[in-house]
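Asker: The structure file coords26.cif (mmCIF, C-alpha atoms) is provided below.
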data_structure
loop_
_atom_site.label_atom_id
_atom_site.label_comp_id
_atom_site.auth_asym_id
_atom_site.auth_seq_id
_atom_site.Cartn_x
_atom_site.Cartn_y
_atom_site.Cartn_z
CA MET A 1 -9.21 -106.38 10.63
CA ARG A 2 -12.47 -105.25 12.26
CA VAL A 3 -13.80 -101.84 11.22
CA GLY A 4 -16.72 -100.19 12.97
CA THR A 5 -18.10 -96.71 13.51
CA PHE A 6 -17.72 -94.37 16.46
CA VAL A 7 -21.03 -92.57 17.04
CA LEU A 8 -20.95 -89.32 19.00
CA ALA A 9 -24.49 -88.15 18.19
CA ALA A 10 -22.84 -84.79 17.54
CA GLN A 11 -25.12 -81.76 17.43
CA PHE A 12 -23.84 -79.46 14.71
CA PRO A 13 -24.73 -75.74 14.66
CA GLY A 14 -28.31 -75.23 13.55
CA GLN A 15 -29.35 -78.75 14.49
CA GLY A 16 -31.41 -80.04 17.39
CA PRO A 17 -30.69 -83.07 19.58
CA GLY A 18 -33.38 -85.10 17.81
CA GLU A 19 -31.66 -84.69 14.46
CA ALA A 20 -28.33 -85.74 15.94
CA LEU A 21 -29.83 -88.83 17.57
CA HIS A 22 -31.69 -89.80 14.39
CA ARG A 23 -28.40 -89.65 12.49
CA ALA A 24 -26.78 -91.79 15.19
CA VAL A 25 -29.44 -94.50 14.95
CA ARG A 26 -29.39 -94.46 11.17
CA THR A 27 -25.61 -94.82 11.19
CA ALA A 28 -25.88 -97.98 13.27
CA GLU A 29 -28.51 -99.46 10.99
CA LEU A 30 -26.25 -98.84 8.00
CA VAL A 31 -23.30 -100.47 9.74
CA GLU A 32 -25.35 -103.66 9.91
CA GLU A 33 -26.41 -103.35 6.25
CA CYS A 34 -22.98 -102.52 4.88
CA GLY A 35 -20.93 -105.29 6.45
CA LEU A 36 -18.99 -103.30 9.06
CA ASP A 37 -18.13 -104.91 12.35
CA SER A 38 -19.44 -102.71 15.16
CA VAL A 39 -20.88 -99.49 16.52
CA TRP A 40 -19.30 -97.64 19.45
CA LEU A 41 -21.47 -95.13 21.31
CA ALA A 42 -20.23 -92.07 23.16
CA GLU A 43 -21.83 -90.63 26.29
CA HIS A 44 -21.94 -86.95 27.29
CA HIS A 45 -23.99 -84.70 29.53
CA PHE A 46 -25.16 -81.11 29.13
CA VAL A 47 -23.13 -80.34 25.97
CA PRO A 48 -23.91 -80.40 22.23
CA TYR A 49 -20.56 -82.10 21.57
CA GLY A 50 -22.57 -85.31 21.91
CA VAL A 51 -26.22 -85.53 22.93
CA CYS A 52 -26.43 -89.17 24.01
CA PRO A 53 -26.50 -89.11 27.85
CA SER A 54 -26.65 -92.89 28.28
CA ALA A 55 -24.59 -95.08 26.00
CA VAL A 56 -26.02 -98.28 27.49
CA THR A 57 -29.59 -97.14 26.81
CA LEU A 58 -28.82 -96.34 23.18
CA ALA A 59 -26.91 -99.63 22.93
CA ALA A 60 -30.04 -101.48 24.05
CA LEU A 61 -32.07 -99.86 21.28
CA LEU A 62 -29.46 -100.64 18.64
CA LEU A 63 -28.95 -104.23 19.77
CA GLY A 64 -32.69 -104.68 19.36
CA ARG A 65 -32.60 -103.24 15.84
CA THR A 66 -29.65 -105.30 14.63
CA ARG A 67 -28.82 -108.99 14.47
CA ARG A 68 -25.12 -109.27 13.61
CA ILE A 69 -22.96 -106.33 14.66
CA ARG A 70 -21.31 -105.75 18.02
CA VAL A 71 -22.50 -102.67 19.92
CA GLY A 72 -20.22 -101.07 22.49
CA THR A 73 -20.10 -98.05 24.75
CA ALA A 74 -17.25 -95.61 24.19
CA VAL A 75 -17.57 -95.00 26.96
CA SER A 76 -19.79 -95.39 29.98
CA VAL A 77 -18.33 -92.95 32.51
CA LEU A 78 -17.69 -94.81 35.77
CA PRO A 79 -17.27 -91.89 38.21
CA THR A 80 -20.87 -90.79 37.57
CA ALA A 81 -22.40 -94.30 37.47
CA HIS A 82 -22.82 -96.90 40.18
CA PRO A 83 -20.71 -99.87 39.06
CA VAL A 84 -23.31 -102.39 40.25
CA ALA A 85 -26.10 -100.70 38.30
CA LEU A 86 -23.86 -100.53 35.24
CA GLY A 87 -22.88 -104.17 35.72
CA GLU A 88 -26.52 -105.21 35.85
CA GLN A 89 -27.25 -103.34 32.64
CA ALA A 90 -24.20 -104.83 30.93
CA ALA A 91 -25.18 -108.35 31.96
CA LEU A 92 -28.72 -107.79 30.69
CA LEU A 93 -27.53 -106.55 27.29
CA HIS A 94 -24.92 -109.30 27.02
CA LEU A 95 -27.41 -112.06 27.73
CA THR A 96 -30.31 -110.76 25.65
CA SER A 97 -28.17 -109.89 22.61
CA GLY A 98 -26.44 -113.23 22.39
CA GLY A 99 -23.10 -111.80 23.49
CA ARG A 100 -22.93 -108.83 21.08
CA PHE A 101 -22.45 -106.12 23.71
CA THR A 102 -19.11 -104.57 24.70
CA LEU A 103 -18.87 -102.42 27.81
CA GLY A 104 -16.36 -99.64 27.34
CA VAL A 105 -15.64 -97.69 30.52
CA GLY A 106 -13.62 -94.59 31.26
CA ARG A 107 -12.77 -91.99 33.85
CA GLY A 108 -14.36 -89.09 31.99
CA GLY A 109 -13.37 -85.54 32.83
CA PRO A 110 -13.57 -83.08 35.76
CA TRP A 111 -16.88 -81.77 34.47
CA VAL A 112 -19.94 -80.42 36.25
CA ASP A 113 -21.47 -83.87 35.75
CA LEU A 114 -19.70 -84.86 38.97
CA GLU A 115 -21.68 -82.21 40.84
CA VAL A 116 -25.03 -82.91 39.20
CA PHE A 117 -24.89 -86.65 39.85
CA GLY A 118 -23.46 -86.27 43.34
CA ALA A 119 -20.24 -88.15 42.66
CA GLY A 120 -17.87 -85.35 43.61
CA LEU A 121 -14.38 -84.60 42.41
CA GLU A 122 -12.89 -87.38 44.54
CA ALA A 123 -14.65 -89.95 42.36
CA TYR A 124 -12.83 -88.54 39.33
CA ASP A 125 -9.46 -87.96 40.98
CA ASN A 126 -9.11 -91.23 42.89
CA GLY A 127 -12.20 -93.42 42.63
CA PHE A 128 -11.84 -95.02 39.20
CA PRO A 129 -9.85 -98.13 40.27
CA GLU A 130 -12.34 -98.96 43.06
CA SER A 131 -15.28 -98.56 40.70
CA LEU A 132 -13.66 -100.66 37.98
CA ASP A 133 -12.77 -103.46 40.38
CA LEU A 134 -16.30 -103.58 41.79
CA LEU A 135 -17.72 -103.66 38.25
CA LEU A 136 -15.44 -106.55 37.26
CA ARG A 137 -16.34 -108.50 40.37
CA TRP A 138 -20.02 -108.01 39.59
CA LEU A 139 -19.53 -109.35 36.08
CA GLY A 140 -17.58 -112.41 37.23
CA GLU A 141 -18.81 -113.61 40.63
CA PRO A 142 -22.08 -115.15 41.92
CA ARG A 143 -22.28 -112.96 45.02
CA VAL A 144 -20.69 -109.58 45.71
CA GLY A 145 -20.22 -107.32 48.70
CA ALA A 146 -18.11 -104.22 49.10
CA ASP A 147 -16.07 -102.55 51.83
CA GLY A 148 -14.34 -99.74 49.96
CA GLU A 149 -13.90 -96.02 50.46
CA ARG A 150 -16.76 -95.14 48.14
CA TYR A 151 -18.88 -98.30 48.03
CA ALA A 152 -19.76 -100.42 51.04
CA PHE A 153 -22.66 -102.86 51.19
CA ARG A 154 -23.53 -106.33 52.43
CA GLU A 155 -23.08 -109.32 50.14
CA VAL A 156 -25.89 -109.76 47.62
CA ALA A 157 -26.67 -112.20 44.84
CA VAL A 158 -25.71 -111.23 41.31
CA VAL A 159 -28.86 -111.47 39.19
CA PRO A 160 -28.66 -112.02 36.30
CA ARG A 161 -25.25 -113.63 36.13
CA ALA A 162 -23.30 -112.18 33.21
CA ASP A 163 -21.51 -115.49 32.59
CA GLU A 164 -24.71 -117.50 32.03
CA LEU A 165 -25.05 -116.78 28.33
CA VAL A 166 -26.51 -119.77 26.52
CA GLY A 167 -23.67 -121.36 24.56
CA GLY A 168 -21.04 -119.15 26.21
CA GLU A 169 -18.97 -119.18 29.36
CA GLU A 170 -17.92 -115.57 29.85
CA GLY A 171 -19.50 -112.24 30.62
CA PRO A 172 -19.44 -109.20 28.33
CA GLU A 173 -16.21 -107.86 26.90
CA VAL A 174 -14.90 -104.89 28.88
CA VAL A 175 -12.50 -102.31 27.44
CA VAL A 176 -10.95 -99.29 29.16
CA ALA A 177 -10.47 -95.86 27.59
CA CYS A 178 -6.86 -94.95 28.28
CA THR A 179 -5.58 -91.37 28.15
CA SER A 180 -2.82 -91.59 30.77
CA ARG A 181 -0.13 -94.01 31.89
CA ASN A 182 -2.12 -94.68 35.07
CA SER A 183 -5.13 -95.89 33.09
CA VAL A 184 -2.87 -97.95 30.81
CA ARG A 185 -1.33 -99.64 33.85
CA LEU A 186 -4.76 -100.22 35.37
CA ALA A 187 -6.08 -101.85 32.19
CA ALA A 188 -3.01 -104.06 31.85
CA GLU A 189 -3.06 -105.18 35.48
CA ARG A 190 -6.77 -106.05 35.21
CA GLY A 191 -6.22 -107.89 31.94
CA LEU A 192 -8.39 -105.57 29.87
CA PRO A 193 -7.88 -104.18 26.35
CA MET A 194 -7.67 -100.45 25.70
CA LEU A 195 -9.67 -97.95 23.70
CA LEU A 196 -7.31 -95.25 22.39
CA GLY A 197 -8.60 -91.84 21.34
CA MET A 198 -8.76 -90.21 17.94
CA HIS A 199 -6.38 -87.42 18.95
CA CYS A 200 -3.46 -89.88 19.08
CA GLY A 201 -1.26 -90.71 16.11
CA ASP A 202 0.23 -94.08 15.28
CA GLU A 203 3.50 -93.42 17.11
CA GLU A 204 1.76 -92.51 20.35
CA LYS A 205 -0.59 -95.46 20.07
CA ALA A 206 2.30 -97.83 19.42
CA GLU A 207 4.09 -96.51 22.50
CA THR A 208 0.92 -96.94 24.56
CA VAL A 209 0.47 -100.53 23.41
CA ALA A 210 4.11 -101.26 24.26
CA ALA A 211 3.63 -99.77 27.73
CA TRP A 212 0.47 -101.86 28.21
CA ARG A 213 2.41 -105.01 27.32
CA ARG A 214 5.15 -104.15 29.84
CA TYR A 215 2.63 -103.52 32.61
CA ALA A 216 0.78 -106.74 31.78
CA ARG A 217 4.02 -108.70 31.85
CA ASP A 218 5.01 -107.12 35.16
CA ALA A 219 1.61 -108.14 36.55
CA GLY A 220 2.46 -111.77 35.81
CA ARG A 221 0.46 -112.32 32.65
CA SER A 222 1.80 -114.91 30.21
CA PRO A 223 2.87 -114.08 26.65
CA GLY A 224 -0.11 -115.98 25.31
CA GLU A 225 -2.52 -114.11 27.55
CA ILE A 226 -0.99 -110.77 26.61
CA GLU A 227 -1.33 -111.61 22.93
CA ARG A 228 -4.96 -112.72 23.32
CA ILE A 229 -6.06 -109.69 25.34
CA GLY A 230 -4.10 -107.34 23.10
CA ARG A 231 -6.14 -108.37 20.08
CA GLY A 232 -9.01 -106.51 21.73
CA HIS A 233 -7.41 -103.04 21.66
CA VAL A 234 -9.48 -100.48 19.75
CA SER A 235 -8.26 -97.42 17.85
CA ALA A 236 -10.70 -94.52 17.52
CA GLY A 237 -10.47 -92.24 14.51
CA VAL A 238 -12.31 -90.35 11.78
CA VAL A 239 -13.27 -91.58 8.33
CA GLN A 240 -14.38 -89.46 5.40
CA LEU A 241 -14.35 -90.69 1.80
CA ALA A 242 -14.42 -88.86 -1.52
CA ASP A 243 -13.17 -89.43 -5.03
CA ARG A 244 -10.37 -86.95 -4.29
CA THR A 245 -8.53 -86.77 -0.98
CA GLU A 246 -8.69 -82.98 -0.90
CA ASP A 247 -12.50 -83.12 -1.20
CA ALA A 248 -12.78 -85.47 1.76
CA ALA A 249 -10.64 -83.21 3.93
CA GLU A 250 -12.52 -80.12 2.77
CA ALA A 251 -15.85 -81.64 3.80
CA LEU A 252 -14.58 -82.08 7.35
CA VAL A 253 -12.79 -78.72 7.58
CA LYS A 254 -16.02 -77.00 6.54
CA ALA A 255 -18.25 -78.75 9.07
CA MET A 256 -16.32 -80.00 12.08
CA PRO A 257 -14.81 -76.78 13.50
CA GLY A 258 -18.23 -75.24 14.11
CA TRP A 259 -19.38 -78.35 15.97
CA LEU A 260 -16.12 -78.66 17.91
CA LYS A 261 -16.14 -75.03 19.02
CA GLN A 262 -19.79 -75.14 20.07
CA GLY A 263 -19.43 -78.50 21.77
CA LEU A 264 -16.09 -78.13 23.51
CA ASP A 265 -16.77 -74.58 24.70
CA ALA A 266 -19.88 -75.85 26.50
CA HIS A 267 -17.88 -78.03 28.91
CA VAL A 268 -17.87 -76.66 32.46
CA THR A 269 -15.40 -77.90 35.08
CA VAL A 270 -16.78 -78.85 38.47
CA ASP A 271 -14.17 -76.87 40.42
CA GLY A 272 -13.54 -73.96 38.05
CA ARG A 273 -10.15 -75.25 36.91
CA TYR A 274 -8.97 -73.95 33.56
CA ARG A 275 -9.15 -76.42 30.70
CA ALA A 276 -7.44 -75.39 27.47
CA MET A 277 -9.53 -76.42 24.48
CA ARG A 278 -7.99 -77.29 21.13
CA ASP A 279 -8.22 -74.87 18.23
CA PRO A 280 -11.10 -76.43 16.25
CA VAL A 281 -9.68 -75.82 12.77
CA ALA A 282 -6.20 -77.06 13.66
CA TYR A 283 -7.69 -80.09 15.42
CA THR A 284 -9.82 -80.95 12.38
CA GLU A 285 -6.78 -80.68 10.12
CA LEU A 286 -4.82 -82.89 12.52
CA LEU A 287 -7.52 -85.55 12.41
CA CYS A 288 -7.57 -85.44 8.61
CA GLY A 289 -3.85 -86.14 8.59
CA LEU A 290 -3.97 -88.97 11.13
CA HIS A 291 -6.93 -90.98 9.94
CA PRO A 292 -8.56 -92.54 6.85
CA VAL A 293 -9.68 -89.32 5.18
CA GLY A 294 -9.43 -89.38 1.39
CA THR A 295 -10.08 -91.81 -1.43
CA PRO A 296 -11.02 -95.40 -0.56
CA ARG A 297 -7.46 -96.49 -1.41
CA VAL A 298 -5.95 -93.80 0.82
CA ALA A 299 -8.30 -94.80 3.62
CA ALA A 300 -7.49 -98.49 3.32
CA ASP A 301 -3.76 -97.79 3.21
CA ARG A 302 -3.95 -95.62 6.33
CA LEU A 303 -5.87 -98.27 8.27
CA ALA A 304 -3.38 -100.93 7.18
CA ALA A 305 -0.47 -98.70 8.17
CA THR A 306 -1.95 -98.05 11.61
CA ALA A 307 -2.46 -101.77 12.13
CA GLU A 308 1.12 -102.49 11.10
CA ARG A 309 2.65 -99.75 13.26
CA THR A 310 0.55 -100.30 16.39
CA GLY A 311 -0.62 -103.89 16.25
CA ILE A 312 -4.22 -102.69 16.68
CA THR A 313 -6.68 -104.27 14.25
CA ARG A 314 -9.99 -102.98 15.63
CA PHE A 315 -11.19 -99.53 14.58
CA ALA A 316 -14.00 -97.24 15.73
CA LEU A 317 -14.27 -94.53 13.07
CA LEU A 318 -16.37 -91.37 13.30
CA ALA A 319 -18.33 -91.19 10.04
CA GLU A 320 -20.64 -88.27 10.89
CA GLY A 321 -18.04 -85.51 10.56
CA SER A 322 -19.94 -83.77 7.75
CA GLY A 323 -22.88 -83.24 10.09
CA ASP A 324 -25.27 -84.18 7.29
CA LEU A 325 -27.43 -87.31 7.36
CA ALA A 326 -27.30 -88.06 3.63
CA ALA A 327 -23.54 -87.50 3.50
CA THR A 328 -23.04 -89.70 6.58
CA GLU A 329 -25.11 -92.46 5.00
CA GLU A 330 -23.05 -92.29 1.81
CA ASN A 331 -19.84 -92.29 3.82
CA VAL A 332 -20.76 -95.46 5.72
CA ARG A 333 -21.91 -97.18 2.53
CA ARG A 334 -18.62 -96.37 0.79
CA VAL A 335 -16.59 -97.71 3.74
CA GLY A 336 -18.44 -101.00 3.43
CA ALA A 337 -18.40 -101.22 -0.35
CA GLU A 338 -15.05 -99.66 -1.25
CA VAL A 339 -12.71 -99.81 1.77
CA LEU A 340 -13.43 -103.15 3.40
CA PRO A 341 -12.68 -105.16 0.21
CA LEU A 342 -9.24 -103.53 0.06
CA LEU A 343 -8.48 -104.70 3.61
CA SER A 344 -9.45 -108.35 3.14
#
Translate this file's structure into structure tokens.

Answerer:
Amino acid sequence: MRVGTFVLAAQFPGQGPGEALHRAVRTAELVEECGLDSVWLAEHHFVPYGVCPSAVTLAALLLGRTRRIRVGTAVSVLPTAHPVALGEQAALLHLTSGGRFTLGVGRGGPWVDLEVFGAGLEAYDNGFPESLDLLLRWLGEPRVGADGERYAFREVAVVPRADELVGGEEGPEVVVACTSRNSVRLAAERGLPMLLGMHCGDEEKAETVAAWRRYARDAGRSPGEIERIGRGHVSAGVVQLADRTEDAAEALVKAMPGWLKQGLDAHVTVDGRYRAMRDPVAYTELLCGLHPVGTPRVAADRLAATAERTGITRFALLAEGSGDLAATEENVRRVGAEVLPLLS
């Protein structure tokens, strides 16, 4: 089982972006110290929900500060990024880190980002498959040209080649955030593992994994290939530890709703469409019930149960839900010292 942290760089009420980013960097450093597997970095624009606007840039910093852990984006939003530029950055990080970078990509939302970056709503509604395919070609071929609806350019050399890692033969790992059956099908057909969100419970995640396997099989992938790729699925969640389970939940219920309300309310749709936001208290309570929130034994048992029910053995767990740097540091240390030994 591989347990890592999911870093949102969340800006809690009363905090500034610098404080949130400092906590994010410190979390990653502790992951390395405490024996966890990985750090997964979120990307958002114009909202305090998360104040990291470039997951690949923060990944570069953290790869330079660490030596062992895997650093991934969760996710780089393809509709507002040029897939060739993103592919170049991914190749650079893959090669210079010794293969420790994972590129997580997703469709994002219908936010005003699409207007600011000039992508337009069409890129969100229909452009994700074209962008993903161009990105994958860039990461796997020596020369690439394009003749698509959104991207069209003459053939150019791929420099640097992502598959030229010393001692390795493949480019960076790519995972796809999946929130709909269309994205599940797309990931399966392209032979890519999924990143599943923290709002999903074990039953929904198990159903999604089963659907992915069916789509992969229908696309002609062998049982062995499906098994190998499927080991890369990632389950996002929340972790909060305390000596009593009720204290762990209370810490999150006190802190997270204020951040969620401030952060989620700040999202603006590009076309004025109505987007219903979750009740922040009810959502926090839901997360406490779904994920490893409680004593170290409760947390370990919940992770083991999720792995058994879903087949997913990689976890990206939000540890900053208290909003406090010292509490986040203690939380990460306890995961490494008290939860990981129970999972081995």

Asker: Of the candidates A:Leu78, A:Ala249, A:Leu30, A:Leu165, which one gets nearest to A:Ala299 if we count all atoms listed in the file?

Answerer: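 Smallest distance to A:Ala299 is found for A:Ala249.
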
Asker: So that I can see what lies close to A:Val268, please list as a list in words the residues with an atom at most 10 Å from it, counting all atoms listed in the file and leaving out residues fewer than 6 positions away in the same chain.

Answerer: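 So the residues in contact are Phe46, Val47, Gly109, Pro110, Trp111, Val112, Asp113, Tyr274 and Arg275 of chain A.
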
Asker: With the file shown as input, list the residues that the PyMOL selection byres ((chain A and resi 304) around 12) selects, as number ranges by chain.

Answerer: A: 1-3, 202, 291-292, 297-303, 305-315, 339-340, 342-344

Asker: Starting from the point (-24.5, -87.6, 22.9), work out which residues of protein, DNA or RNA have an atom no more than 12 Å away when counting all atoms listed in the file; state them as a ChimeraX atom specification.

Answerer: /A:6-12,16-25,40-58,73-76,263

Asker: Write out as a list in words each polymer residue whose atoms come within 9 Å of A:Val84, counting only C-alpha atoms; drop sequence neighbours fewer than 5 positions from it.

Answerer: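 My list of contacting residues is Gln89, Ser131, Leu134, Leu135, Trp138 and Leu139 of chain A.
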
Asker: Just checking: using only C-alpha atoms, which residue out of A:Val184, A:Val239, A:Phe153, A:Asp247 ends up closest to A:Thr328?

Answerer: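 Of the candidates, the smallest distance to A:Thr328 is held by A:Val239.
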
Asker: Record the distance separating atom CA of A:Gly120 and atom CA of A:Asp133, expressed in Å with one decimal.

Answerer: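 Distance reported for this atom pair: 19.1 Å.
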
Asker: For A:Lys254, which residue out of A:Pro13, A:Leu103, A:Leu318, A:Val116 is the nearest one, using only C-alpha atoms?

Answerer: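 Under the stated criterion, the closest residue is A:Pro13.
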
Asker: Evaluate the PyMOL selection byres ((chain A and resi 255) around 12) and record the selected residues as a short mmCIF file (atom, residue, chain, number, x, y, z; two decimals) with C-alpha atoms, in the frame of the given file, following the chain and residue labels used in the document.

Answerer:
data_model
loop_
_atom_site.label_atom_id
_atom_site.label_comp_id
_atom_site.auth_asym_id
_atom_site.auth_seq_id
_atom_site.Cartn_x
_atom_site.Cartn_y
_atom_site.Cartn_z
CA ALA A 10 -22.84 -84.79 17.54
CA GLN A 11 -25.12 -81.76 17.43
CA PHE A 12 -23.84 -79.46 14.71
CA PRO A 13 -24.73 -75.74 14.66
CA GLY A 14 -28.31 -75.23 13.55
CA GLN A 240 -14.38 -89.46 5.40
CA ALA A 248 -12.78 -85.47 1.76
CA ALA A 249 -10.64 -83.21 3.93
CA GLU A 250 -12.52 -80.12 2.77
CA ALA A 251 -15.85 -81.64 3.80
CA LEU A 252 -14.58 -82.08 7.35
CA VAL A 253 -12.79 -78.72 7.58
CA LYS A 254 -16.02 -77.00 6.54
CA MET A 256 -16.32 -80.00 12.08
CA PRO A 257 -14.81 -76.78 13.50
CA GLY A 258 -18.23 -75.24 14.11
CA TRP A 259 -19.38 -78.35 15.97
CA LEU A 260 -16.12 -78.66 17.91
CA LYS A 261 -16.14 -75.03 19.02
CA GLN A 262 -19.79 -75.14 20.07
CA PRO A 280 -11.10 -76.43 16.25
CA VAL A 281 -9.68 -75.82 12.77
CA THR A 284 -9.82 -80.95 12.38
CA GLU A 285 -6.78 -80.68 10.12
CA GLU A 320 -20.64 -88.27 10.89
CA GLY A 321 -18.04 -85.51 10.56
CA SER A 322 -19.94 -83.77 7.75
CA GLY A 323 -22.88 -83.24 10.09
CA ASP A 324 -25.27 -84.18 7.29
CA ALA A 327 -23.54 -87.50 3.50
#

Asker: Can you take the partial stretch 77-90 of chain A, add N, CA and C atoms, and return it as a PDB file, in the frame of the given file?

Answerer:
ATOM      1  N   VAL A  77     -19.220 -93.669  31.602  1.00  0.00           N
ATOM      2  CA  VAL A  77     -18.330 -92.950  32.510  1.00  0.00           C
ATOM      3  C   VAL A  77     -18.540 -93.466  33.934  1.00  0.00           C
ATOM      4  N   LEU A  78     -17.535 -94.149  34.470  1.00  0.00           N
ATOM      5  CA  LEU A  78     -17.690 -94.810  35.770  1.00  0.00           C
ATOM      6  C   LEU A  78     -17.834 -93.856  36.957  1.00  0.00           C
ATOM      7  N   PRO A  79     -17.116 -92.744  37.032  1.00  0.00           N
ATOM      8  CA  PRO A  79     -17.270 -91.890  38.210  1.00  0.00           C
ATOM      9  C   PRO A  79     -18.687 -91.365  38.440  1.00  0.00           C
ATOM     10  N   THR A  80     -19.509 -91.287  37.390  1.00  0.00           N
ATOM     11  CA  THR A  80     -20.870 -90.790  37.570  1.00  0.00           C
ATOM     12  C   THR A  80     -21.909 -91.903  37.471  1.00  0.00           C
ATOM     13  N   ALA A  81     -21.482 -93.157  37.503  1.00  0.00           N
ATOM     14  CA  ALA A  81     -22.400 -94.300  37.470  1.00  0.00           C
ATOM     15  C   ALA A  81     -22.068 -95.241  38.614  1.00  0.00           C
ATOM     16  N   HIS A  82     -23.094 -95.881  39.170  1.00  0.00           N
ATOM     17  CA  HIS A  82     -22.820 -96.900  40.180  1.00  0.00           C
ATOM     18  C   HIS A  82     -22.371 -98.167  39.460  1.00  0.00           C
ATOM     19  N   PRO A  83     -21.225 -98.717  39.799  1.00  0.00           N
ATOM     20  CA  PRO A  83     -20.710 -99.870  39.060  1.00  0.00           C
ATOM     21  C   PRO A  83     -21.627-101.093  39.110  1.00  0.00           C
ATOM     22  N   VAL A  84     -22.387-101.260  40.194  1.00  0.00           N
ATOM     23  CA  VAL A  84     -23.310-102.390  40.250  1.00  0.00           C
ATOM     24  C   VAL A  84     -24.461-102.183  39.272  1.00  0.00           C
ATOM     25  N   ALA A  85     -25.025-100.982  39.244  1.00  0.00           N
ATOM     26  CA  ALA A  85     -26.100-100.700  38.300  1.00  0.00           C
ATOM     27  C   ALA A  85     -25.619-100.872  36.862  1.00  0.00           C
ATOM     28  N   LEU A  86     -24.423-100.380  36.578  1.00  0.00           N
ATOM     29  CA  LEU A  86     -23.860-100.530  35.240  1.00  0.00           C
ATOM     30  C   LEU A  86     -23.599-101.997  34.927  1.00  0.00           C
ATOM     31  N   GLY A  87     -23.109-102.741  35.910  1.00  0.00           N
ATOM     32  CA  GLY A  87     -22.880-104.170  35.720  1.00  0.00           C
ATOM     33  C   GLY A  87     -24.160-104.926  35.435  1.00  0.00           C
ATOM     34  N   GLU A  88     -25.228-104.575  36.113  1.00  0.00           N
ATOM     35  CA  GLU A  88     -26.520-105.210  35.850  1.00  0.00           C
ATOM     36  C   GLU A  88     -26.983-104.936  34.429  1.00  0.00           C
ATOM     37  N   GLN A  89     -26.839-103.696  33.997  1.00  0.00           N
ATOM     38  CA  GLN A  89     -27.250-103.340  32.640  1.00  0.00           C
ATOM     39  C   GLN A  89     -26.402-104.066  31.603  1.00  0.00           C
ATOM     40  N   ALA A  90     -25.090-104.137  31.864  1.00  0.00           N
ATOM     41  CA  ALA A  90     -24.200-104.830  30.930  1.00  0.00           C
ATOM     42  C   ALA A  90     -24.544-106.306  30.830  1.00  0.00           C
TER      43      ALA A  90
END
